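Undergrad: One file: structure23.pdb (PDB, C-alpha atoms, pLDDT in the B column).
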```pdb
ATOM      1  CA  MET S1421      34.576 -29.756 -58.806  1.00 58.00           C
ATOM      2  CA  THR S1422      34.213 -31.971 -55.766  1.00 62.00           C
ATOM      3  CA  LYS S1423      32.186 -30.789 -52.856  1.00 65.00           C
ATOM      4  CA  LYS S1424      34.079 -30.774 -49.577  1.00 70.00           C
ATOM      5  CA  LYS S1425      32.206 -32.506 -46.773  1.00 68.00           C
ATOM      6  CA  SER S1426      31.820 -30.138 -43.831  1.00 70.00           C
ATOM      7  CA  THR S1427      32.891 -31.097 -40.346  1.00 70.00           C
ATOM      8  CA  ILE S1428      30.710 -30.243 -37.388  1.00 71.00           C
ATOM      9  CA  ILE S1429      32.474 -29.722 -34.093  1.00 71.00           C
ATOM     10  CA  LEU S1430      30.319 -29.329 -31.008  1.00 74.00           C
ATOM     11  CA  LYS S1431      31.834 -27.924 -27.851  1.00 77.00           C
ATOM     12  CA  ASP S1432      29.940 -27.098 -24.684  1.00 76.00           C
ATOM     13  CA  SER S1433      30.988 -24.101 -22.647  1.00 80.00           C
ATOM     14  CA  GLY S1434      29.481 -21.713 -20.147  1.00 79.00           C
ATOM     15  CA  LYS S1435      27.886 -19.775 -23.006  1.00 83.00           C
ATOM     16  CA  ILE S1436      27.176 -22.569 -25.492  1.00 82.00           C
ATOM     17  CA  ARG S1437      24.881 -25.565 -24.977  1.00 81.00           C
ATOM     18  CA  ASN S1438      24.699 -28.333 -27.562  1.00 84.00           C
ATOM     19  CA  ILE S1439      22.016 -30.916 -28.039  1.00 87.00           C
ATOM     20  CA  VAL S1440      22.116 -33.338 -30.956  1.00 88.00           C
ATOM     21  CA  ILE S1441      18.811 -34.779 -32.115  1.00 89.00           C
ATOM     22  CA  GLN S1442      18.924 -37.754 -34.480  1.00 90.00           C
ATOM     23  CA  ILE S1443      15.760 -38.656 -36.353  1.00 88.00           C
ATOM     24  CA  ASN S1444      15.541 -42.047 -38.040  1.00 88.00           C
ATOM     25  CA  LEU S1445      12.851 -41.735 -40.695  1.00 88.00           C
ATOM     26  CA  GLU S1446      12.972 -45.438 -41.500  1.00 91.00           C
ATOM     27  CA  ASP S1447      11.920 -46.732 -38.085  1.00 87.00           C
ATOM     28  CA  ASN S1448      10.272 -43.483 -36.885  1.00 80.00           C
ATOM     29  CA  SER S1449      12.526 -43.031 -33.871  1.00 83.00           C
ATOM     30  CA  THR S1450      14.314 -40.065 -32.338  1.00 86.00           C
ATOM     31  CA  THR S1451      17.382 -39.984 -30.104  1.00 90.00           C
ATOM     32  CA  VAL S1452      18.647 -37.009 -28.097  1.00 90.00           C
ATOM     33  CA  PHE S1453      22.347 -36.764 -27.213  1.00 89.00           C
ATOM     34  CA  SER S1454      23.585 -34.188 -24.707  1.00 88.00           C
ATOM     35  CA  SER S1455      25.530 -33.824 -21.513  1.00 84.00           C
ATOM     36  CA  PHE S1456      22.549 -32.277 -19.700  1.00 85.00           C
ATOM     37  CA  SER S1457      19.571 -33.611 -17.794  1.00 90.00           C
ATOM     38  CA  ALA S1458      16.258 -34.241 -19.549  1.00 89.00           C
ATOM     39  CA  TRP S1459      14.835 -31.188 -17.729  1.00 92.00           C
ATOM     40  CA  GLU S1460      17.581 -28.921 -19.107  1.00 89.00           C
ATOM     41  CA  ASN S1461      17.168 -30.500 -22.541  1.00 89.00           C
ATOM     42  CA  LEU S1462      13.459 -29.716 -22.501  1.00 90.00           C
ATOM     43  CA  ALA S1463      14.043 -25.992 -22.061  1.00 90.00           C
ATOM     44  CA  LEU S1464      16.808 -25.898 -24.670  1.00 88.00           C
ATOM     45  CA  ILE S1465      14.820 -27.902 -27.227  1.00 89.00           C
ATOM     46  CA  LEU S1466      11.811 -25.600 -26.726  1.00 90.00           C
ATOM     47  CA  GLU S1467      14.090 -22.612 -27.307  1.00 91.00           C
ATOM     48  CA  GLY S1468      15.227 -24.240 -30.547  1.00 90.00           C
ATOM     49  CA  LEU S1469      11.602 -24.826 -31.538  1.00 92.00           C
ATOM     50  CA  GLY S1470      10.810 -21.144 -30.987  1.00 93.00           C
ATOM     51  CA  VAL S1471      13.743 -20.015 -33.117  1.00 94.00           C
ATOM     52  CA  THR S1472      12.837 -22.501 -35.861  1.00 94.00           C
ATOM     53  CA  ALA S1473       9.190 -21.366 -35.862  1.00 95.00           C
ATOM     54  CA  GLN S1474      10.253 -17.727 -36.228  1.00 95.00           C
ATOM     55  CA  LYS S1475      12.584 -18.636 -39.103  1.00 96.00           C
ATOM     56  CA  CYS S1476       9.702 -20.401 -40.896  1.00 96.00           C
ATOM     57  CA  ILE S1477       7.575 -17.261 -40.486  1.00 96.00           C
ATOM     58  CA  LYS S1478      10.402 -15.052 -41.808  1.00 97.00           C
ATOM     59  CA  GLU S1479      10.666 -17.394 -44.822  1.00 97.00           C
ATOM     60  CA  GLY S1480       7.023 -16.690 -45.675  1.00 97.00           C
ATOM     61  CA  ILE S1481       5.005 -19.432 -43.990  1.00 97.00           C
ATOM     62  CA  SER S1482       1.984 -17.950 -42.241  1.00 97.00           C
ATOM     63  CA  LYS S1483       2.013 -17.653 -38.449  1.00 96.00           C
ATOM     64  CA  ASN S1484      -1.238 -19.604 -38.264  1.00 96.00           C
ATOM     65  CA  LYS S1485       0.220 -22.517 -40.221  1.00 97.00           C
ATOM     66  CA  VAL S1486       3.445 -22.586 -38.163  1.00 96.00           C
ATOM     67  CA  TYR S1487       1.686 -22.267 -34.808  1.00 95.00           C
ATOM     68  CA  GLY S1488      -0.944 -24.792 -35.890  1.00 94.00           C
ATOM     69  CA  GLN S1489       1.751 -27.338 -36.710  1.00 93.00           C
ATOM     70  CA  VAL S1490       3.469 -26.812 -33.339  1.00 92.00           C
ATOM     71  CA  LYS S1491       0.126 -27.089 -31.511  1.00 91.00           C
ATOM     72  CA  LYS S1492      -0.794 -30.244 -33.442  1.00 89.00           C
ATOM     73  CA  TYR S1493       2.520 -31.845 -32.540  1.00 85.00           C
ATOM     74  CA  VAL S1494       2.374 -30.931 -28.866  1.00 85.00           C
ATOM     75  CA  ILE S1495      -1.250 -31.955 -28.360  1.00 85.00           C
ATOM     76  CA  GLU S1496      -1.674 -34.932 -30.708  1.00 81.00           C
ATOM     77  CA  VAL S1497       1.734 -36.481 -31.213  1.00 77.00           C
ATOM     78  CA  LEU S1498       3.427 -35.821 -27.901  1.00 76.00           C
ATOM     79  CA  SER S1499       0.442 -37.162 -25.963  1.00 77.00           C
ATOM     80  CA  SER S1500       0.774 -40.494 -27.815  1.00 76.00           C
ATOM     81  CA  TYR S1501       4.254 -41.235 -26.408  1.00 71.00           C
ATOM     82  CA  GLU S1502       4.571 -43.822 -23.670  1.00 65.00           C
ATOM     83  CA  ASN S1503       7.363 -44.140 -21.128  1.00 57.00           C
ATOM     84  CA  LYS S1504       9.495 -47.150 -21.874  1.00 51.00           C
TER
END
```
Show this structure as structure tokens.

TA:
Amino acid sequence: MTKKKSTIILKDSGKIRNIVIQINLEDNSTTVFSSFSAWENLALILEGLGVTAQKCIKEGISKNKVYGQVKKYVIEVLSSYENK
């Protein structure tokens, strides 16, 4: 049996906001695609982070481990970025 490749269709509307984040693990880069400003993206990406963190907790990962990972990223990794 062949597996059918799924198609993803993203449509923005008044009730739906889409942001696509591409992560290239080979060259350690990330690209964000959206039709919104960086400020709007920030709020929407943080919302996605919150939902993802809660899903990890529901799947059995301890709150301390999940929150610790988020804190580590925000404090250590994010502070190492430079404006280019």

Undergrad: Would you compute the distance between CA of Gly1488 (chain S) and CA of Gln1442 (chain S)? Give it in Å to one decimal.

TA: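 We find that CA of Gly1488 (chain S) and CA of Gln1442 (chain S) lie 23.8 Å from each other.
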
Undergrad: Please compute the CA of Val1497 (chain S)-CA of Asn1484 (chain S) distance, one decimal, in Å.

TA: 18.5 Å

Undergrad: I would like the residues chosen by the PyMOL selection byres ((chain S and resi 1453) around 6) on the shown file; could you give them as a ChimeraX atom specification?

TA: /S:1439-1440,1452,1454

Undergrad: Figure out the distance between CA of Leu1445 (chain S) and CA of Glu1460 (chain S), please, to one decimal in Å.

TA: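 So the answer is 25.5 Å.
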
Undergrad: Which of these residues is nearest to Thr1472 (chain S), using all atoms listed in the file: S:Val1486, S:Asn1438, S:Thr1450, S:Ile1495?

TA: S:Val1486

Undergrad: Excluding Ala1463 (chain S) and residues on its chain fewer than 6 positions from it, collect all residues at most 12 Å away from it, counting all atoms listed in the file, and give them as a short mmCIF file (atom, residue, chain, number, x, y, z; two decimals) with C-alpha atoms, in the coordinates of the input.

TA:
```
data_model
loop_
_atom_site.label_atom_id
_atom_site.label_comp_id
_atom_site.auth_asym_id
_atom_site.auth_seq_id
_atom_site.Cartn_x
_atom_site.Cartn_y
_atom_site.Cartn_z
CA ARG S 1437 24.88 -25.56 -24.98
CA ILE S 1439 22.02 -30.92 -28.04
CA PHE S 1456 22.55 -32.28 -19.70
CA SER S 1457 19.57 -33.61 -17.79
CA LEU S 1469 11.60 -24.83 -31.54
CA GLY S 1470 10.81 -21.14 -30.99
#
```

Undergrad: Using all atoms listed in the file, pick whichever of S:Ile1441, S:Glu1496, S:Asn1448, S:Lys1431 has the shortest atom-to-atom distance to Ile1465 (chain S).

TA: S:Ile1441
